[in-house]
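This is target39.cif. It holds mmCIF, C-alpha atoms.
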```cif
data_start
loop_
_atom_site.group_PDB
_atom_site.id
_atom_site.type_symbol
_atom_site.label_atom_id
_atom_site.label_comp_id
_atom_site.auth_asym_id
_atom_site.auth_seq_id
_atom_site.Cartn_x
_atom_site.Cartn_y
_atom_site.Cartn_z
ATOM 1 C CA MET A 1 9.042 101.128 15.920
ATOM 2 C CA SER A 2 5.773 101.322 17.837
ATOM 3 C CA PRO A 3 5.445 103.191 21.174
ATOM 4 C CA GLU A 4 4.252 100.011 22.881
ATOM 5 C CA PHE A 5 7.399 98.171 21.838
ATOM 6 C CA MET A 6 9.595 101.075 22.908
ATOM 7 C CA SER A 7 7.940 101.117 26.305
ATOM 8 C CA ALA A 8 8.490 97.364 26.612
ATOM 9 C CA ASN A 9 12.147 97.878 25.818
ATOM 10 C CA SER A 10 12.508 100.666 28.338
ATOM 11 C CA SER A 11 10.869 98.551 31.024
ATOM 12 C CA SER A 12 13.318 95.727 30.319
ATOM 13 C CA SER A 13 16.412 97.894 30.690
ATOM 14 C CA PHE A 14 19.023 97.128 33.330
ATOM 15 C CA PRO A 15 18.426 98.367 36.834
ATOM 16 C CA SER A 16 20.999 100.911 37.798
ATOM 17 C CA SER A 17 21.761 99.365 41.157
ATOM 18 C CA ASN A 18 22.283 95.743 40.264
ATOM 19 C CA SER A 19 22.288 94.851 36.583
ATOM 20 C CA SER A 20 22.670 91.138 37.244
ATOM 21 C CA SER A 21 19.331 90.872 39.065
ATOM 22 C CA ILE A 22 17.225 90.745 35.906
ATOM 23 C CA SER A 23 16.449 87.625 33.938
ATOM 24 C CA LEU A 24 18.492 86.528 30.975
ATOM 25 C CA TYR A 25 15.403 86.968 28.810
ATOM 26 C CA HIS A 26 15.165 90.684 29.610
ATOM 27 C CA PHE A 27 18.903 91.043 29.100
ATOM 28 C CA LEU A 28 18.646 89.506 25.629
ATOM 29 C CA GLN A 29 15.523 91.491 24.783
ATOM 30 C CA LYS A 30 17.330 94.718 25.596
ATOM 31 C CA CYS A 31 20.386 93.670 23.585
ATOM 32 C CA TYR A 32 18.461 92.647 20.477
ATOM 33 C CA SER A 33 16.264 95.763 20.601
ATOM 34 C CA GLY A 34 19.099 98.287 20.752
ATOM 35 C CA PRO A 35 20.755 99.863 17.691
ATOM 36 C CA ALA A 36 23.784 97.557 17.831
ATOM 37 C CA GLY A 37 21.573 94.538 18.444
ATOM 38 C CA THR A 38 19.347 95.388 15.503
ATOM 39 C CA THR A 39 22.329 95.668 13.154
ATOM 40 C CA ASN A 40 23.868 92.458 14.520
ATOM 41 C CA THR A 41 20.570 90.552 14.271
ATOM 42 C CA ILE A 42 20.043 91.627 10.667
ATOM 43 C CA ALA A 43 23.630 90.697 9.736
ATOM 44 C CA ILE A 44 23.593 87.251 11.341
ATOM 45 C CA THR A 45 20.119 86.555 9.922
ATOM 46 C CA VAL A 46 21.342 87.354 6.404
ATOM 47 C CA CYS A 47 24.450 85.184 6.872
ATOM 48 C CA SER A 48 22.342 82.302 8.165
ATOM 49 C CA LEU A 49 19.965 82.578 5.223
ATOM 50 C CA LEU A 50 22.842 82.631 2.735
ATOM 51 C CA LEU A 51 25.150 80.027 4.299
ATOM 52 C CA VAL A 52 23.249 77.727 6.661
ATOM 53 C CA LEU A 53 19.785 77.525 5.116
ATOM 54 C CA PRO A 54 20.911 76.232 1.674
ATOM 55 C CA LEU A 55 22.994 73.527 3.360
ATOM 56 C CA CYS A 56 20.087 72.486 5.572
ATOM 57 C CA VAL A 57 17.676 72.327 2.636
ATOM 58 C CA TYR A 58 20.171 70.262 0.625
ATOM 59 C CA VAL A 59 20.714 67.866 3.537
ATOM 60 C CA VAL A 60 16.947 67.391 3.891
ATOM 61 C CA TYR A 61 16.659 66.772 0.139
ATOM 62 C CA LEU A 62 19.467 64.194 0.163
ATOM 63 C CA GLY A 63 18.052 62.549 3.271
ATOM 64 C CA LEU A 64 14.640 62.116 1.671
ATOM 65 C CA LYS A 65 16.276 60.863 -1.514
ATOM 66 C CA GLN A 66 18.391 58.311 0.365
ATOM 67 C CA ARG A 67 15.366 57.174 2.323
ATOM 68 C CA HIS A 68 13.475 56.600 -0.919
ATOM 69 C CA GLN A 69 16.405 54.651 -2.418
ATOM 70 C CA ARG A 70 17.173 52.698 0.742
ATOM 71 C CA ARG A 71 16.041 49.107 0.810
ATOM 72 C CA SER A 72 13.375 48.088 3.281
ATOM 73 C CA GLY A 73 14.870 47.022 6.589
ATOM 74 C CA THR A 74 17.998 49.163 6.100
ATOM 75 C CA ALA A 75 18.182 51.952 8.644
ATOM 76 C CA ALA A 76 20.050 55.227 8.331
ATOM 77 C CA SER A 77 23.384 55.500 10.105
ATOM 78 C CA HIS A 78 23.573 57.063 13.542
ATOM 79 C CA SER A 79 25.650 59.968 12.216
ATOM 80 C CA ASP A 80 23.038 60.757 9.574
ATOM 81 C CA VAL A 81 20.220 60.692 12.139
ATOM 82 C CA PHE A 82 22.162 63.085 14.377
ATOM 83 C CA THR A 83 22.707 65.348 11.376
ATOM 84 C CA TYR A 84 18.990 65.388 10.558
ATOM 85 C CA ASN A 85 18.208 66.473 14.116
ATOM 86 C CA MET A 86 20.973 69.042 13.923
ATOM 87 C CA VAL A 87 19.370 70.441 10.771
ATOM 88 C CA ALA A 88 16.087 70.771 12.673
ATOM 89 C CA VAL A 89 17.926 72.705 15.381
ATOM 90 C CA GLU A 90 19.539 74.967 12.781
ATOM 91 C CA LEU A 91 16.164 75.672 11.173
ATOM 92 C CA MET A 92 14.852 76.685 14.605
ATOM 93 C CA ASN A 93 17.856 78.994 14.940
ATOM 94 C CA ILE A 94 17.093 80.653 11.602
ATOM 95 C CA ALA A 95 13.426 80.980 12.545
ATOM 96 C CA GLY A 96 14.459 82.507 15.874
ATOM 97 C CA TYR A 97 16.632 85.150 14.246
ATOM 98 C CA LEU A 98 13.924 85.903 11.694
ATOM 99 C CA LEU A 99 11.421 86.441 14.513
ATOM 100 C CA CYS A 100 13.826 88.655 16.452
ATOM 101 C CA CYS A 101 14.684 90.609 13.334
ATOM 102 C CA GLY A 102 11.037 90.982 12.352
ATOM 103 C CA GLY A 103 10.012 91.958 15.873
ATOM 104 C CA VAL A 104 12.650 94.656 16.135
ATOM 105 C CA LEU A 105 11.955 96.094 12.683
ATOM 106 C CA THR A 106 8.165 95.924 12.757
ATOM 107 C CA GLY A 107 7.639 96.650 16.449
ATOM 108 C CA VAL A 108 5.543 93.537 17.129
ATOM 109 C CA PRO A 109 6.378 92.731 20.786
ATOM 110 C CA VAL A 110 5.444 89.035 20.714
ATOM 111 C CA MET A 111 7.931 88.164 17.959
ATOM 112 C CA VAL A 112 11.092 88.872 19.954
ATOM 113 C CA PRO A 113 10.179 86.590 22.933
ATOM 114 C CA MET A 114 9.341 83.757 20.544
ATOM 115 C CA GLY A 115 12.636 84.244 18.728
ATOM 116 C CA ILE A 116 14.627 84.263 21.972
ATOM 117 C CA CYS A 117 13.000 80.982 23.058
ATOM 118 C CA LEU A 118 13.921 79.333 19.752
ATOM 119 C CA LEU A 119 17.489 80.627 20.039
ATOM 120 C CA SER A 120 17.705 79.144 23.530
ATOM 121 C CA VAL A 121 16.692 75.722 22.188
ATOM 122 C CA TYR A 122 19.264 76.072 19.413
ATOM 123 C CA TYR A 123 22.094 77.111 21.735
ATOM 124 C CA PHE A 124 21.780 73.979 23.875
ATOM 125 C CA GLY A 125 20.829 71.553 21.120
ATOM 126 C CA GLN A 126 23.765 72.404 18.887
ATOM 127 C CA GLN A 127 26.258 71.537 21.624
ATOM 128 C CA LEU A 128 24.592 68.244 22.542
ATOM 129 C CA PHE A 129 24.198 66.943 18.997
ATOM 130 C CA HIS A 130 27.842 67.737 18.271
ATOM 131 C CA THR A 131 28.807 65.774 21.358
ATOM 132 C CA LEU A 132 26.603 62.807 20.395
ATOM 133 C CA THR A 133 28.212 62.725 16.945
ATOM 134 C CA CYS A 134 31.711 62.659 18.444
ATOM 135 C CA VAL A 135 30.801 59.938 20.936
ATOM 136 C CA GLU A 136 29.258 57.869 18.124
ATOM 137 C CA ARG A 137 32.448 58.168 16.051
ATOM 138 C CA TYR A 138 34.542 57.319 19.125
ATOM 139 C CA VAL A 139 32.565 54.128 19.780
ATOM 140 C CA ALA A 140 32.744 53.172 16.092
ATOM 141 C CA VAL A 141 36.557 53.321 16.052
ATOM 142 C CA VAL A 142 37.656 52.448 19.584
ATOM 143 C CA HIS A 143 34.948 49.860 20.347
ATOM 144 C CA PRO A 144 33.983 48.418 16.947
ATOM 145 C CA VAL A 145 32.424 45.236 18.369
ATOM 146 C CA ALA A 146 30.125 47.217 20.641
ATOM 147 C CA TYR A 147 29.331 49.547 17.756
ATOM 148 C CA LEU A 148 28.216 46.623 15.588
ATOM 149 C CA ARG A 149 25.774 45.659 18.322
ATOM 150 C CA LEU A 150 24.499 49.242 18.424
ATOM 151 C CA ARG A 151 23.605 49.039 14.729
ATOM 152 C CA SER A 152 20.804 46.638 15.629
ATOM 153 C CA GLN A 153 17.261 47.576 16.596
ATOM 154 C CA LYS A 154 18.296 47.927 20.248
ATOM 155 C CA GLY A 155 21.040 50.343 19.241
ATOM 156 C CA ALA A 156 18.561 52.402 17.218
ATOM 157 C CA THR A 157 16.239 52.476 20.228
ATOM 158 C CA ALA A 158 19.062 53.689 22.486
ATOM 159 C CA ARG A 159 19.939 56.344 19.910
ATOM 160 C CA ASP A 160 16.337 57.532 19.684
ATOM 161 C CA VAL A 161 16.072 57.701 23.479
ATOM 162 C CA SER A 162 19.259 59.796 23.586
ATOM 163 C CA ILE A 163 17.864 62.133 20.937
ATOM 164 C CA GLY A 164 14.590 62.421 22.850
ATOM 165 C CA CYS A 165 16.481 63.335 26.029
ATOM 166 C CA VAL A 166 18.417 66.001 24.127
ATOM 167 C CA TRP A 167 15.209 67.598 22.875
ATOM 168 C CA LEU A 168 13.703 67.516 26.376
ATOM 169 C CA LEU A 169 16.798 69.243 27.760
ATOM 170 C CA CYS A 170 16.672 71.805 24.961
ATOM 171 C CA PHE A 171 13.102 72.827 25.710
ATOM 172 C CA ALA A 172 13.741 72.698 29.454
ATOM 173 C CA ASN A 173 16.588 75.140 28.859
ATOM 174 C CA ILE A 174 13.985 77.792 28.009
ATOM 175 C CA SER A 175 13.151 78.041 31.721
ATOM 176 C CA CYS A 176 16.696 79.311 32.344
ATOM 177 C CA LEU A 177 15.771 82.489 30.479
ATOM 178 C CA TYR A 178 13.508 83.572 33.329
ATOM 179 C CA VAL A 179 15.842 82.905 36.249
ATOM 180 C CA ALA A 180 16.640 86.185 38.000
ATOM 181 C CA GLU A 181 20.434 85.883 38.097
ATOM 182 C CA ASN A 182 21.586 85.864 34.484
ATOM 183 C CA GLY A 183 25.215 85.857 35.642
ATOM 184 C CA THR A 184 24.636 82.460 37.257
ATOM 185 C CA ILE A 185 22.953 81.131 34.130
ATOM 186 C CA LEU A 186 25.852 82.406 32.023
ATOM 187 C CA SER A 187 28.387 80.644 34.243
ATOM 188 C CA TYR A 188 26.327 77.450 34.069
ATOM 189 C CA SER A 189 26.272 77.650 30.262
ATOM 190 C CA VAL A 190 30.040 78.127 30.107
ATOM 191 C CA TRP A 191 30.749 75.196 32.414
ATOM 192 C CA ALA A 192 28.335 72.973 30.492
ATOM 193 C CA LEU A 193 30.110 73.932 27.278
ATOM 194 C CA VAL A 194 33.511 73.210 28.835
ATOM 195 C CA PHE A 195 32.272 69.808 30.057
ATOM 196 C CA LEU A 196 31.085 68.869 26.564
ATOM 197 C CA PHE A 197 34.381 70.087 25.125
ATOM 198 C CA ILE A 198 36.269 67.827 27.542
ATOM 199 C CA ILE A 199 34.241 64.853 26.310
ATOM 200 C CA ILE A 200 35.060 65.683 22.694
ATOM 201 C CA SER A 201 38.719 66.281 23.596
ATOM 202 C CA PHE A 202 38.840 62.785 25.103
ATOM 203 C CA CYS A 203 37.329 61.214 21.997
ATOM 204 C CA SER A 204 39.801 62.795 19.582
ATOM 205 C CA PRO A 205 43.111 61.481 21.030
ATOM 206 C CA SER A 206 41.484 58.096 21.676
ATOM 207 C CA VAL A 207 40.611 57.776 17.997
ATOM 208 C CA LEU A 208 44.102 58.997 17.084
ATOM 209 C CA CYS A 209 45.721 56.304 19.255
ATOM 210 C CA VAL A 210 43.687 53.610 17.523
ATOM 211 C CA LEU A 211 44.584 55.166 14.180
ATOM 212 C CA ILE A 212 48.313 55.038 14.940
ATOM 213 C CA GLY A 213 48.182 51.416 16.068
ATOM 214 C CA PRO A 214 45.803 49.401 13.854
ATOM 215 C CA GLY A 215 44.450 46.172 15.220
ATOM 216 C CA PRO A 216 45.761 42.723 14.371
ATOM 217 C CA GLY A 217 44.764 41.123 11.120
ATOM 218 C CA ALA A 218 44.446 44.435 9.267
ATOM 219 C CA GLY A 219 46.610 44.085 6.218
ATOM 220 C CA GLY A 220 46.659 44.971 2.546
ATOM 221 C CA GLY A 221 43.576 46.559 1.052
ATOM 222 C CA GLY A 222 41.508 45.710 4.110
ATOM 223 C CA ARG A 223 43.863 47.701 6.307
ATOM 224 C CA GLN A 224 43.679 50.641 3.918
ATOM 225 C CA ARG A 225 39.895 50.624 4.047
ATOM 226 C CA VAL A 226 39.871 50.370 7.841
ATOM 227 C CA ASP A 227 42.420 53.170 8.228
ATOM 228 C CA ARG A 228 40.457 55.361 5.830
ATOM 229 C CA SER A 229 37.311 54.844 7.887
ATOM 230 C CA LYS A 230 39.221 55.660 11.059
ATOM 231 C CA MET A 231 40.648 58.783 9.441
ATOM 232 C CA ARG A 232 37.155 59.982 8.551
ATOM 233 C CA SER A 233 36.092 59.509 12.160
ATOM 234 C CA PHE A 234 39.163 61.349 13.417
ATOM 235 C CA TYR A 235 38.604 64.251 11.018
ATOM 236 C CA THR A 236 34.967 64.460 12.093
ATOM 237 C CA ILE A 237 35.878 64.712 15.780
ATOM 238 C CA ALA A 238 38.820 67.070 15.139
ATOM 239 C CA VAL A 239 36.735 69.503 13.084
ATOM 240 C CA ILE A 240 33.933 69.547 15.658
ATOM 241 C CA MET A 241 36.488 70.062 18.435
ATOM 242 C CA ALA A 242 38.072 72.983 16.541
ATOM 243 C CA VAL A 243 34.820 74.874 15.986
ATOM 244 C CA LEU A 244 33.645 74.100 19.515
ATOM 245 C CA LEU A 245 36.931 75.507 20.832
ATOM 246 C CA VAL A 246 36.043 78.820 19.194
ATOM 247 C CA ARG A 247 32.684 78.755 20.926
ATOM 248 C CA VAL A 248 34.204 77.831 24.290
ATOM 249 C CA GLY A 249 36.674 80.708 23.954
ATOM 250 C CA ALA A 250 33.927 83.187 23.142
ATOM 251 C CA ALA A 251 31.733 81.969 26.009
ATOM 252 C CA ALA A 252 34.672 82.080 28.437
ATOM 253 C CA ALA A 253 35.494 85.616 27.317
ATOM 254 C CA ILE A 254 32.017 86.960 28.006
ATOM 255 C CA SER A 255 31.842 85.059 31.295
ATOM 256 C CA ALA A 256 35.182 86.502 32.434
ATOM 257 C CA THR A 257 34.181 90.063 31.551
ATOM 258 C CA TYR A 258 30.559 89.882 32.727
ATOM 259 C CA TYR A 259 31.328 90.946 36.282
ATOM 260 C CA GLN A 260 33.882 93.580 35.304
ATOM 261 C CA VAL A 261 32.472 96.948 36.342
ATOM 262 C CA ARG A 262 34.475 98.773 33.678
ATOM 263 C CA LEU A 263 32.845 96.671 30.947
ATOM 264 C CA ARG A 264 29.296 96.797 32.314
ATOM 265 C CA SER A 265 28.145 99.073 29.511
ATOM 266 C CA SER A 266 29.677 96.737 26.907
ATOM 267 C CA ARG A 267 27.947 93.532 27.979
ATOM 268 C CA CYS A 268 25.453 93.672 25.145
ATOM 269 C CA THR A 269 28.219 94.238 22.606
ATOM 270 C CA LEU A 270 30.198 91.278 23.965
ATOM 271 C CA TRP A 271 27.125 89.050 23.926
ATOM 272 C CA LEU A 272 26.262 90.007 20.360
ATOM 273 C CA PHE A 273 29.851 89.442 19.271
ATOM 274 C CA THR A 274 29.938 85.932 20.755
ATOM 275 C CA SER A 275 26.746 85.019 18.890
ATOM 276 C CA TRP A 276 28.892 84.825 15.736
ATOM 277 C CA SER A 277 30.989 82.043 17.294
ATOM 278 C CA SER A 278 28.134 79.584 16.727
ATOM 279 C CA LEU A 279 28.108 80.160 12.957
ATOM 280 C CA PRO A 280 31.055 77.796 12.209
ATOM 281 C CA CYS A 281 29.391 75.157 14.410
ATOM 282 C CA SER A 282 26.258 75.461 12.284
ATOM 283 C CA LEU A 283 28.174 74.498 9.136
ATOM 284 C CA VAL A 284 30.106 71.486 10.436
ATOM 285 C CA LEU A 285 27.615 68.609 10.519
ATOM 286 C CA PRO A 286 25.823 69.533 7.251
ATOM 287 C CA LEU A 287 29.177 69.778 5.447
ATOM 288 C CA LEU A 288 30.349 66.459 6.921
ATOM 289 C CA PHE A 289 27.074 64.874 5.808
ATOM 290 C CA LEU A 290 27.594 66.157 2.269
ATOM 291 C CA HIS A 291 31.156 64.843 2.376
ATOM 292 C CA ARG A 292 29.948 61.366 3.359
ATOM 293 C CA ALA A 293 27.384 61.536 0.564
ATOM 294 C CA GLY A 294 30.140 62.406 -1.936
ATOM 295 C CA LYS A 295 28.744 65.856 -2.733
ATOM 296 C CA LEU A 296 31.823 67.909 -1.833
ATOM 297 C CA LEU A 297 33.625 67.457 -5.144
ATOM 298 C CA LEU A 298 36.779 69.433 -4.389
ATOM 299 C CA TRP A 299 37.392 67.618 -1.101
ATOM 300 C CA ASN A 300 36.665 64.203 -2.623
ATOM 301 C CA ASN A 301 38.903 64.830 -5.650
ATOM 302 C CA SER A 302 41.786 65.934 -3.432
ATOM 303 C CA GLN A 303 41.493 62.743 -1.374
ATOM 304 C CA ARG A 304 41.478 60.564 -4.515
ATOM 305 C CA SER A 305 44.606 62.309 -5.793
ATOM 306 C CA HIS A 306 46.413 61.397 -2.591
#
```

Give the structure from the file, written as structure tokens.
Amino acid sequence: MSPEFMSANSSSSFPSSNSSSISLYHFLQKCYSGPAGTTNTIAITVCSLLLVLPLCVYVVYLGLKQRHQRRSGTAASHSDVFTYNMVAVELMNIAGYLLCCGGVLTGVPVMVPMGICLLSVYYFGQQLFHTLTCVERYVAVVHPVAYLRLRSQKGATARDVSIGCVWLLCFANISCLYVAENGTILSYSVWALVFLFIIISFCSPSVLCVLIGPGPGAGGGGRQRVDRSKMRSFYTIAVIMAVLLVRVGAAAAISATYYQVRLRSSRCTLWLFTSWSSLPCSLVLPLLFLHRAGKLLLWNNSQRSH
């Protein structure tokens, strides 16, 4: 590691008097540059390359293939469009970890700041695209008439505007890295995550209530098809809620222990540990996309047997 990079790391260390007065960026730079951070960054980068990257590449391949086979005038579903944007966010996450890993190992100072900025975009974008997917499934099941209207050109425009707002919020979230009080930013992130989890928690029982009581006129094979579609929507929301619960728990744990004086020296370790809680979230939407495309053979065969 170069002397310049070591001096940058030493200058970004915590002040002894008030460790919460530095920016979140300097906090993360110190964490990723330490021995534990280096090991953690290498490990999570390898796991992302082995688990997340192949799924993302396969989703992009299937998306391009479906677009080529799709008839003119037929648009992709809202869930698929959200998944494509989620894949873009995941690729930024992998690029961010690669930059952080490369910066720490090679001693190039500019690589770590770039990686941290990409990770900040990923952290916020992953939550929002999960929430949009759950809301879309909720509208499809609970308000089917309104959902049919949203499948028109106006619905696609509203979807694209929502996606554009998400990306604007993601890049605006980078500014939070340079706010002096990283404890405040951490609390804000936890409460934002809890708010999104509440939205998803509302969608799941609502879909379940509709699933228990099917609408009038649903009988025979038509009812079976409708119930199967509702079940897919419920499973989608339930799986996203489960993995997001893990992330909420991890974020709440680090927020609760952040101001504990006894654990002040372990803040980096806690932060690095919670970074693994986002890995299950990274796998959900790509796997659900492959399930809808009929590419998860074991899952599909088990459903046919039942």

TODO: List the residues matched by the PyMOL selection byres ((chain A and resi 138) around 9) in the displayed structure as a ChimeraX atom specification, ordered by chain and then by residue number.
DONE: /A:133-137,139-143,203-204,206-207,233-234,237

TODO: Considering only C-alpha atoms, state which residue in the set A:Ser201, A:Gln66, A:Thr236, A:Ser189 is at the smallest distance from A:Pro286.
DONE: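 Once distances to A:Pro286 are computed over only C-alpha atoms, the minimum belongs to A:Thr236.
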
Return as a Markdown table the residues of stretch 118-162 of chain A lying at most 7 Å from stretch 70-91 of chain A, together with the closest atom-to-atom pair for each and the distance in Å to one decimal, counting all atoms listed in the file, with rows in chain order and ascending residue number.
```
| residue | atom | partner | partner_atom | distance |
| --- | --- | --- | --- | --- |
| A:Tyr122 | CA | A:Val89 | CA | 5.4 |
| A:Gly125 | CA | A:Val89 | CA | 6.5 |
| A:Gln126 | CA | A:Met86 | CA | 6.6 |
| A:Phe129 | CA | A:Phe82 | CA | 6.4 |
| A:Thr133 | CA | A:Ser79 | CA | 6.0 |
```

TODO: May I ask for the distance between atom CA of A:Leu177 and atom CA of A:Leu50, given in Å to one decimal place?
DONE: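 Computing it gives 28.6 Å between the two atoms.
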
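Atom CA of A:Leu99 to atom CA of A:His26 spans 16.1 Å [interatomic distance, one decimal].
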
- [ ] Name the closest residue to A:Met114 among the candidates A:Ala146, A:Ile174, A:Leu53, A:Leu62; distances are taken between atoms, counting only C-alpha atoms.
- [x]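 Between A:Ala146, A:Ile174, A:Leu53, A:Leu62, the residue approaching A:Met114 most closely is A:Ile174.
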
TODO: Translate the PyMOL selection byres ((chain A and resi 178) around 6), as applied to the file shown, into an explicit residue set as a PyMOL selection string.
DONE: chain A and resi 23+25+175-177+179

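If you look at atom CA of A:Thr106 and atom CA of A:Gln29, they are 14.8 Å away from each other.
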